[in-house]
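So this one's data_38.txt, compact mmCIF, C-alpha atoms and all ligand atoms:
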```txt
# COMPACT_ATOMS: atom_id res chain seq x y z
CA MET A 1 35.22 13.14 -12.81
CA ALA A 2 31.64 12.68 -13.91
CA VAL A 3 29.23 15.40 -14.97
CA ILE A 4 26.58 15.89 -12.29
CA LEU A 5 23.08 15.64 -13.74
CA ASP A 6 21.42 18.57 -12.03
CA GLY A 7 17.86 17.45 -11.38
CA LYS A 8 17.01 20.56 -9.41
CA ALA A 9 17.98 22.99 -12.21
CA THR A 10 16.38 20.82 -14.90
CA SER A 11 13.19 20.47 -12.87
CA LEU A 12 12.88 24.28 -12.71
CA LYS A 13 13.13 24.42 -16.50
CA VAL A 14 10.44 21.74 -16.84
CA LEU A 15 8.20 23.54 -14.34
CA ASP A 16 8.57 26.77 -16.33
CA LYS A 17 7.42 24.95 -19.47
CA VAL A 18 4.51 23.39 -17.61
CA LYS A 19 3.52 26.79 -16.25
CA GLU A 20 3.46 28.21 -19.76
CA ARG A 21 1.44 25.23 -20.99
CA VAL A 22 -1.09 25.66 -18.18
CA SER A 23 -1.44 29.38 -18.89
CA LYS A 24 -2.48 28.56 -22.46
CA LEU A 25 -5.17 26.04 -21.50
CA ASN A 26 -8.77 27.18 -21.58
CA THR A 27 -9.35 25.44 -18.27
CA THR A 28 -7.51 25.23 -14.93
CA PRO A 29 -6.29 21.70 -14.23
CA HIS A 30 -7.26 20.43 -10.78
CA LEU A 31 -5.21 17.71 -9.13
CA VAL A 32 -6.72 15.89 -6.17
CA VAL A 33 -4.23 14.04 -3.99
CA ILE A 34 -5.58 11.41 -1.61
CA LEU A 35 -3.56 10.75 1.52
CA VAL A 36 -4.59 7.91 3.83
CA GLY A 37 -3.12 7.58 7.32
CA ASP A 38 -0.21 9.45 8.83
CA ASN A 39 2.93 8.15 7.13
CA PRO A 40 5.35 11.08 7.69
CA ALA A 41 7.22 10.59 4.39
CA SER A 42 3.94 10.49 2.45
CA LYS A 43 2.87 13.74 4.11
CA ILE A 44 6.06 15.45 2.95
CA TYR A 45 5.69 14.10 -0.61
CA VAL A 46 2.08 15.21 -0.80
CA ASN A 47 2.88 18.70 0.44
CA ASN A 48 5.71 18.98 -2.08
CA LYS A 49 3.29 18.05 -4.84
CA LYS A 50 0.86 20.72 -3.67
CA LYS A 51 3.59 23.38 -3.58
CA ALA A 52 4.75 22.47 -7.09
CA ALA A 53 1.17 22.60 -8.38
CA GLU A 54 0.72 26.10 -6.93
CA LYS A 55 3.92 27.22 -8.65
CA VAL A 56 2.68 26.24 -12.11
CA GLY A 57 -0.92 27.40 -11.77
CA ILE A 58 -2.50 23.99 -11.22
CA LYS A 59 -5.26 23.89 -8.63
CA SER A 60 -4.66 21.17 -6.06
CA THR A 61 -6.60 19.66 -3.20
CA ILE A 62 -5.31 17.25 -0.60
CA LEU A 63 -7.99 14.89 0.73
CA GLU A 64 -6.81 13.37 3.98
CA PHE A 65 -8.40 10.25 5.45
CA GLY A 66 -7.74 8.42 8.67
CA VAL A 67 -5.97 5.08 8.64
CA ASN A 68 -9.27 3.34 9.40
CA ILE A 69 -11.10 4.38 6.23
CA THR A 70 -12.55 1.28 4.58
CA GLU A 71 -11.77 0.18 1.06
CA ASN A 72 -15.40 0.80 0.04
CA GLU A 73 -15.37 4.31 1.47
CA LEU A 74 -12.22 5.08 -0.47
CA LEU A 75 -13.69 3.58 -3.64
CA SER A 76 -16.76 5.80 -3.34
CA GLU A 77 -14.60 8.91 -2.83
CA ILE A 78 -12.73 8.04 -6.03
CA ALA A 79 -15.99 7.38 -7.90
CA MET A 80 -17.15 10.89 -6.97
CA LEU A 81 -13.87 12.40 -8.16
CA ASN A 82 -14.06 10.43 -11.42
CA ASN A 83 -17.50 11.95 -12.08
CA ASP A 84 -16.53 15.48 -11.07
CA ASN A 85 -15.72 17.52 -14.19
CA ASP A 86 -13.86 20.06 -12.06
CA VAL A 87 -11.28 17.38 -11.19
CA THR A 88 -8.77 16.60 -13.97
CA GLY A 89 -6.23 14.50 -12.07
CA ILE A 90 -6.43 12.01 -9.19
CA LEU A 91 -3.43 10.66 -7.29
CA VAL A 92 -3.62 8.21 -4.40
CA GLN A 93 -0.42 8.48 -2.40
CA LEU A 94 1.16 5.08 -1.74
CA PRO A 95 1.65 3.11 0.44
CA LEU A 96 -1.92 2.46 1.56
CA PRO A 97 -2.78 0.69 4.83
CA GLU A 98 -2.71 -3.10 4.57
CA HIS A 99 -6.47 -3.60 4.79
CA ILE A 100 -6.90 -1.72 1.50
CA ASP A 101 -6.20 -3.47 -1.79
CA LYS A 102 -3.89 -1.07 -3.62
CA ASN A 103 -4.59 -2.58 -7.02
CA LYS A 104 -8.34 -2.29 -6.58
CA ILE A 105 -7.96 1.39 -5.67
CA ILE A 106 -5.63 2.18 -8.58
CA THR A 107 -7.93 0.38 -11.00
CA SER A 108 -10.91 2.41 -9.78
CA ILE A 109 -9.33 5.71 -10.89
CA SER A 110 -10.40 6.86 -14.35
CA PRO A 111 -7.43 6.18 -16.68
CA LYS A 112 -7.94 9.69 -18.07
CA LYS A 113 -7.35 11.19 -14.59
CA ASP A 114 -4.63 8.72 -13.52
CA VAL A 115 -1.74 11.23 -13.39
CA ASP A 116 0.53 8.56 -11.85
CA GLY A 117 0.06 6.34 -14.91
CA PHE A 118 -0.46 3.32 -12.65
CA HIS A 119 -3.90 2.21 -13.94
CA PRO A 120 -3.77 -1.13 -15.81
CA GLU A 121 -5.07 0.60 -18.96
CA ASN A 122 -2.15 3.04 -18.90
CA GLY A 123 0.37 0.34 -17.93
CA GLY A 124 -1.04 -2.01 -20.58
CA LYS A 125 -0.80 0.63 -23.28
CA LEU A 126 2.79 1.33 -22.28
CA LEU A 127 3.56 -2.40 -22.62
CA LEU A 128 1.87 -2.56 -26.04
CA GLY A 129 3.65 0.53 -27.35
CA VAL A 130 0.36 2.45 -27.58
CA GLU A 131 0.37 6.00 -26.20
CA PRO A 132 -1.03 5.92 -22.61
CA TYR A 133 -2.87 8.92 -21.19
CA PHE A 134 -0.02 9.31 -18.70
CA TYR A 135 3.48 7.87 -18.26
CA PRO A 136 4.60 7.21 -14.66
CA ALA A 137 6.26 10.33 -13.31
CA THR A 138 9.63 8.99 -12.13
CA PRO A 139 10.70 7.21 -15.33
CA GLN A 140 9.31 10.06 -17.43
CA GLY A 141 11.28 12.56 -15.32
CA ILE A 142 14.45 10.48 -15.72
CA LEU A 143 14.05 10.55 -19.50
CA MET A 144 13.55 14.33 -19.38
CA LEU A 145 16.82 14.63 -17.42
CA LEU A 146 18.73 12.35 -19.83
CA ASP A 147 17.38 14.34 -22.77
CA GLU A 148 18.39 17.63 -21.16
CA TYR A 149 21.99 16.38 -21.14
CA ASN A 150 21.68 14.83 -24.64
CA ILE A 151 22.47 11.36 -23.36
CA GLU A 152 21.98 8.91 -26.21
CA LEU A 153 19.72 5.91 -25.54
CA ASP A 154 19.27 4.39 -29.00
CA GLY A 155 21.16 1.10 -29.17
CA LYS A 156 22.75 1.61 -25.75
CA ASN A 157 22.88 -0.98 -22.97
CA ALA A 158 20.56 0.15 -20.19
CA VAL A 159 20.46 -1.78 -16.93
CA VAL A 160 17.46 -1.22 -14.66
CA VAL A 161 17.94 -2.38 -11.08
CA GLY A 162 14.64 -2.90 -9.22
CA ARG A 163 11.37 -4.22 -10.63
CA SER A 164 8.73 -2.08 -8.93
CA ASN A 165 5.52 -1.10 -10.70
CA ILE A 166 6.28 2.55 -9.93
CA VAL A 167 9.80 2.77 -11.35
CA GLY A 168 11.61 -0.36 -12.59
CA LYS A 169 8.97 -1.94 -14.83
CA PRO A 170 7.74 1.23 -16.57
CA MET A 171 11.34 2.49 -16.84
CA ALA A 172 12.33 -0.65 -18.75
CA GLN A 173 9.40 -0.25 -21.16
CA MET A 174 10.14 3.42 -21.75
CA LEU A 175 13.81 2.69 -22.43
CA LEU A 176 12.80 -0.05 -24.88
CA LYS A 177 10.56 2.46 -26.64
CA ARG A 178 13.65 4.64 -27.02
CA ASN A 179 15.50 1.69 -28.61
CA ALA A 180 17.82 0.90 -25.71
CA THR A 181 18.84 -2.71 -25.06
CA VAL A 182 17.34 -3.24 -21.63
CA THR A 183 18.41 -5.63 -18.87
CA MET A 184 16.26 -5.90 -15.74
CA CYS A 185 18.02 -6.78 -12.49
CA HIS A 186 16.48 -7.44 -9.08
CA SER A 187 17.04 -9.07 -5.72
CA HIS A 188 17.57 -12.54 -7.25
CA THR A 189 19.99 -11.40 -9.95
CA GLN A 190 23.31 -13.18 -9.87
CA ASN A 191 26.54 -11.36 -10.78
CA LEU A 192 24.99 -7.92 -10.63
CA ASN A 193 28.43 -6.31 -10.82
CA GLU A 194 29.25 -8.16 -14.05
CA ILE A 195 26.04 -6.87 -15.61
CA ILE A 196 26.62 -3.31 -14.38
CA LYS A 197 30.04 -3.36 -16.08
CA THR A 198 28.32 -3.76 -19.47
CA ALA A 199 25.93 -0.85 -18.93
CA ASP A 200 26.02 2.47 -20.75
CA ILE A 201 23.19 3.59 -18.50
CA VAL A 202 22.34 2.26 -15.02
CA ILE A 203 19.04 3.16 -13.39
CA SER A 204 18.88 1.95 -9.82
CA ALA A 205 15.65 2.03 -7.82
CA VAL A 206 16.19 -0.31 -4.90
CA GLY A 207 16.53 1.72 -1.69
CA LYS A 208 19.82 0.08 -0.64
CA LYS A 209 23.47 0.92 -1.33
CA ILE A 210 23.73 -1.60 -4.15
CA ILE A 211 25.81 0.01 -6.92
CA ARG A 212 29.29 0.00 -5.49
CA CYS A 213 31.45 -1.68 -8.10
CA LYS A 214 34.56 0.24 -9.11
CA MET A 215 34.61 -1.13 -12.61
CA VAL A 216 31.63 0.65 -14.10
CA LYS A 217 31.91 1.32 -17.84
CA LYS A 218 33.92 4.40 -18.74
CA ASN A 219 31.65 7.37 -19.51
CA SER A 220 28.55 5.46 -18.45
CA CYS A 221 25.58 7.21 -16.89
CA MET A 222 24.37 6.46 -13.34
CA ILE A 223 20.82 7.37 -12.42
CA ASP A 224 20.10 6.96 -8.72
CA VAL A 225 16.42 6.73 -7.80
CA GLY A 226 17.07 5.52 -4.25
CA ILE A 227 16.76 7.95 -1.37
CA PHE A 228 17.16 6.93 2.27
CA ARG A 229 19.16 7.86 5.33
CA ASP A 230 22.49 6.19 6.05
CA ASN A 231 23.67 5.17 9.55
CA ASN A 232 24.68 8.77 10.24
CA GLY A 233 21.27 10.10 9.26
CA LYS A 234 22.56 11.57 5.99
CA LEU A 235 20.38 11.34 2.86
CA THR A 236 21.94 8.97 0.37
CA GLY A 237 21.08 6.77 -2.61
CA ASP A 238 21.67 3.34 -4.19
CA VAL A 239 24.90 4.37 -5.89
CA ASP A 240 28.19 4.77 -4.03
CA PHE A 241 28.99 8.19 -5.46
CA ASP A 242 32.64 8.24 -4.36
CA ILE A 243 33.44 4.83 -5.84
CA VAL A 244 31.60 5.25 -9.11
CA SER A 245 31.97 8.94 -10.02
CA PRO A 246 35.68 8.91 -11.02
CA THR A 247 34.93 6.43 -13.84
CA CYS A 248 31.40 7.06 -15.02
CA GLY A 249 30.58 9.98 -17.31
CA PHE A 250 27.36 11.24 -15.74
CA ILE A 251 25.77 10.77 -12.33
CA THR A 252 22.72 12.07 -10.47
CA PRO A 253 23.27 13.45 -6.97
CA VAL A 254 21.10 12.40 -4.02
CA PRO A 255 19.33 14.60 -3.10
CA GLY A 256 18.88 16.95 -6.08
CA GLY A 257 18.75 14.41 -8.89
CA VAL A 258 15.76 12.22 -9.64
CA GLY A 259 13.55 13.55 -6.80
CA PRO A 260 12.90 17.04 -8.18
CA MET A 261 12.50 15.59 -11.70
CA THR A 262 9.76 13.27 -10.46
CA ILE A 263 7.76 16.20 -9.11
CA ALA A 264 8.24 18.27 -12.28
CA SER A 265 7.25 15.29 -14.41
CA LEU A 266 4.15 14.77 -12.27
CA MET A 267 3.23 18.42 -12.81
CA TYR A 268 3.61 17.88 -16.56
CA ASN A 269 1.13 15.01 -16.22
CA ALA A 270 -1.21 17.09 -14.09
CA SER A 271 -1.23 19.73 -16.85
CA LYS A 272 -2.73 17.22 -19.28
CA VAL A 273 -6.51 17.48 -19.33
CA TYR A 274 -8.73 14.78 -20.84
CA LEU A 275 -12.36 15.59 -20.17
N1 LIG B 1 4.73 6.60 -3.29
C1 LIG B 1 6.03 6.57 -3.69
N2 LIG B 1 6.14 6.98 -4.95
C2 LIG B 1 4.90 7.27 -5.38
C3 LIG B 1 4.38 7.76 -6.62
O1 LIG B 1 5.09 7.99 -7.60
N3 LIG B 1 3.04 7.95 -6.66
C4 LIG B 1 2.23 7.69 -5.61
N4 LIG B 1 0.93 7.88 -5.75
N5 LIG B 1 2.68 7.24 -4.45
C5 LIG B 1 4.01 7.03 -4.35
```

Mind converting the file's structure to structure tokens?
Amino acid sequence: MAVILDGKATSLKVLDKVKERVSKLNTTPHLVVILVGDNPASKIYVNNKKKAAEKVGIKSTILEFGVNITENELLSEIAMLNNDNDVTGILVQLPLPEHIDKNKIITSISPKKDVDGFHPENGGKLLLGVEPYFYPATPQGILMLLDEYNIELDGKNAVVVGRSNIVGKPMAQMLLKRNATVTMCHSHTQNLNEIIKTADIVISAVGKKIIRCKMVKKNSCMIDVGIFRDNNGKLTGDVDFDIVSPTCGFITPVPGGVGPMTIASLMYNASKVYL
């Protein structure tokens, strides 16, 4: 039976370290979270971020805008926040309404306040192997969890399933930086199961029950980024826990795995101040 990678417990350890780090700063970091519209999931995520910030001594403000805010109005709000020396971090909760160009908004955030690490300057630096101001929170949190359990990455076969800008793409780059051999899989990948069988580490960020092959590699590590409700309304992830856990060596639960690590990792980012 696999070892459960306890994201909840590890996230509390990370938050403690962040709290200590914040207490030693000569300034109080201030994270501004922008929420547009009334997506219920986004509201929950944003409130969780605020609660975590309070816990570690980071000031946080949620700026809520109606779904009809124009792109230009949002751009001018961000310009004001970029110029405000009291604000050290800016996060625009995604998704945004369709009439707003997400990439334009992300690009308008100062890279030095881009705690999500989504700005092209931060993403570009990650690709070039140059230190970005911020690494995206989910992949960074996953690496913190793997490190907590001393899971070796150097020279290992890592398979990333899902090619999103938020998780899959930065995850692959960060694993490469740690000298893993990285395979990217996505909706057009053929023989996914054959590829999964070769993996020492699987990181799945799809949002569908996609990792259900019995023949995973012995002692491999399964990281499940997916979180959604099954037909019975129960929270579940991409990995079929019951099928995979007897063979693999390590597995993240859903919930209680990657989710809490993402928040803790975001708080680590929010504790970094570049003024
Ligand atoms: N929506 C889903 N995940 C994320 C994230 O990591 N950051 C932001 N800003 N929005 C999201």

Original post:
For Thr138 in chain A, which of A:His119, A:Lys112, A:Lys169, A:His186 is the closest residue, counting only C-alpha atoms?
Top reply: A:Lys169

Subject >> A:Thr61, A:Thr181, A:Asn157, A:Thr236 ranked by distance to Ser220 in chain A, top pick (using all atoms listed in the file) >> reply: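 So, comparing all the options, the nearest one is A:Asn157.
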
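Closest approach to ligand LIG 1 (chain B) from the set A:Pro136, A:Gly207, A:Gly226, A:Pro170 is made by A:Pro136, with distances taken over only C-alpha atoms and all ligand atoms.
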
**OP:** Please extract the residues at most 8 Å from ligand LIG 1 (chain B), counting all atoms listed in the file, and provide them as a list of chain:residue names, using the chain letters and residue numbers of this document.
**Re:** A:Ser42, A:Leu91, A:Val92, A:Gln93, A:Leu94, A:Pro95, A:Asp116, A:Pro136, A:Ala137, A:Thr138, A:Ile166, A:Val167, A:Thr262

Write out as JSON lines the residues of range 138-219 of chain A that have any atom within 12 Å of an atom of range 11-22 of chain A, one row each with the nearest atom pair and its distance in Å to one decimal, counting only C-alpha atoms, sorted by chain and then rising number.
```
{"residue": "A:Gln140", "atom": "CA", "partner": "A:Val14", "partner_atom": "CA", "distance": 11.7}
{"residue": "A:Gly141", "atom": "CA", "partner": "A:Ser11", "partner_atom": "CA", "distance": 8.5}
{"residue": "A:Ile142", "atom": "CA", "partner": "A:Ser11", "partner_atom": "CA", "distance": 10.5}
{"residue": "A:Leu143", "atom": "CA", "partner": "A:Ser11", "partner_atom": "CA", "distance": 12.0}
{"residue": "A:Met144", "atom": "CA", "partner": "A:Val14", "partner_atom": "CA", "distance": 8.4}
{"residue": "A:Leu145", "atom": "CA", "partner": "A:Ser11", "partner_atom": "CA", "distance": 8.2}
{"residue": "A:Asp147", "atom": "CA", "partner": "A:Val14", "partner_atom": "CA", "distance": 11.8}
{"residue": "A:Glu148", "atom": "CA", "partner": "A:Lys13", "partner_atom": "CA", "distance": 9.8}
```

Store the residues picked out above in a file with C-alpha atoms, as a PDB file, keeping the file's coordinate frame.
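And here's result.pdb as it stands now:
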```pdb
ATOM      1  CA  GLN A 140       9.310  10.060 -17.430  1.00  0.00           C
ATOM      2  CA  GLY A 141      11.280  12.560 -15.320  1.00  0.00           C
ATOM      3  CA  ILE A 142      14.450  10.480 -15.720  1.00  0.00           C
ATOM      4  CA  LEU A 143      14.050  10.550 -19.500  1.00  0.00           C
ATOM      5  CA  MET A 144      13.550  14.330 -19.380  1.00  0.00           C
ATOM      6  CA  LEU A 145      16.820  14.630 -17.420  1.00  0.00           C
ATOM      7  CA  ASP A 147      17.380  14.340 -22.770  1.00  0.00           C
ATOM      8  CA  GLU A 148      18.390  17.630 -21.160  1.00  0.00           C
TER       9      GLU A 148
END
```

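Residues in contact with Phe118 in chain A at up to 9 Å, not including ones fewer than 5 positions away on its chain and judged by only C-alpha atoms, are Ile106, Thr107, Pro111, Gly123, Phe134, Tyr135, Pro136, Asn165 and Ile166 of chain A.
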
Include C-alpha atoms and write out the residues we just selected as a PDB file, in the frame of the given file.
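Wrote it out as part-v6.pdb, contents follow:
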```
ATOM      1  CA  ILE A 106      -5.630   2.180  -8.580  1.00  0.00           C
ATOM      2  CA  THR A 107      -7.930   0.380 -11.000  1.00  0.00           C
ATOM      3  CA  PRO A 111      -7.430   6.180 -16.680  1.00  0.00           C
ATOM      4  CA  GLY A 123       0.370   0.340 -17.930  1.00  0.00           C
ATOM      5  CA  PHE A 134      -0.020   9.310 -18.700  1.00  0.00           C
ATOM      6  CA  TYR A 135       3.480   7.870 -18.260  1.00  0.00           C
ATOM      7  CA  PRO A 136       4.600   7.210 -14.660  1.00  0.00           C
ATOM      8  CA  ASN A 165       5.520  -1.100 -10.700  1.00  0.00           C
ATOM      9  CA  ILE A 166       6.280   2.550  -9.930  1.00  0.00           C
TER      10      ILE A 166
END
```

Subject >> Contacts of Lys43 in chain A within 12 Å, all atoms listed in the file, excl. fewer than 4 positions in-chain, as number ranges by chain >> reply: A: 33-39, 47-50, 62-65, 93-95

Original post:
Quick one: residues within 6 Å of Gly257 in chain A, only C-alpha atoms counted, chain neighbours fewer than 5 positions away excluded, as JSON, numbers by chain?
Top reply: {"A": [6, 7, 252]}

**OP:** Would you please work out which residue, of A:Gly89, A:Pro139, A:Pro40, A:Gly155, is nearest to Tyr274 in chain A when using all atoms listed in the file?
**Re:** A:Gly89

**OP:** Report the distance between CA of Val225 in chain A and CA of Val67 in chain A in Å, rounded to one decimal place.
**Re:**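 For CA of Val225 in chain A relative to CA of Val67 in chain A, the distance reads 27.8 Å.
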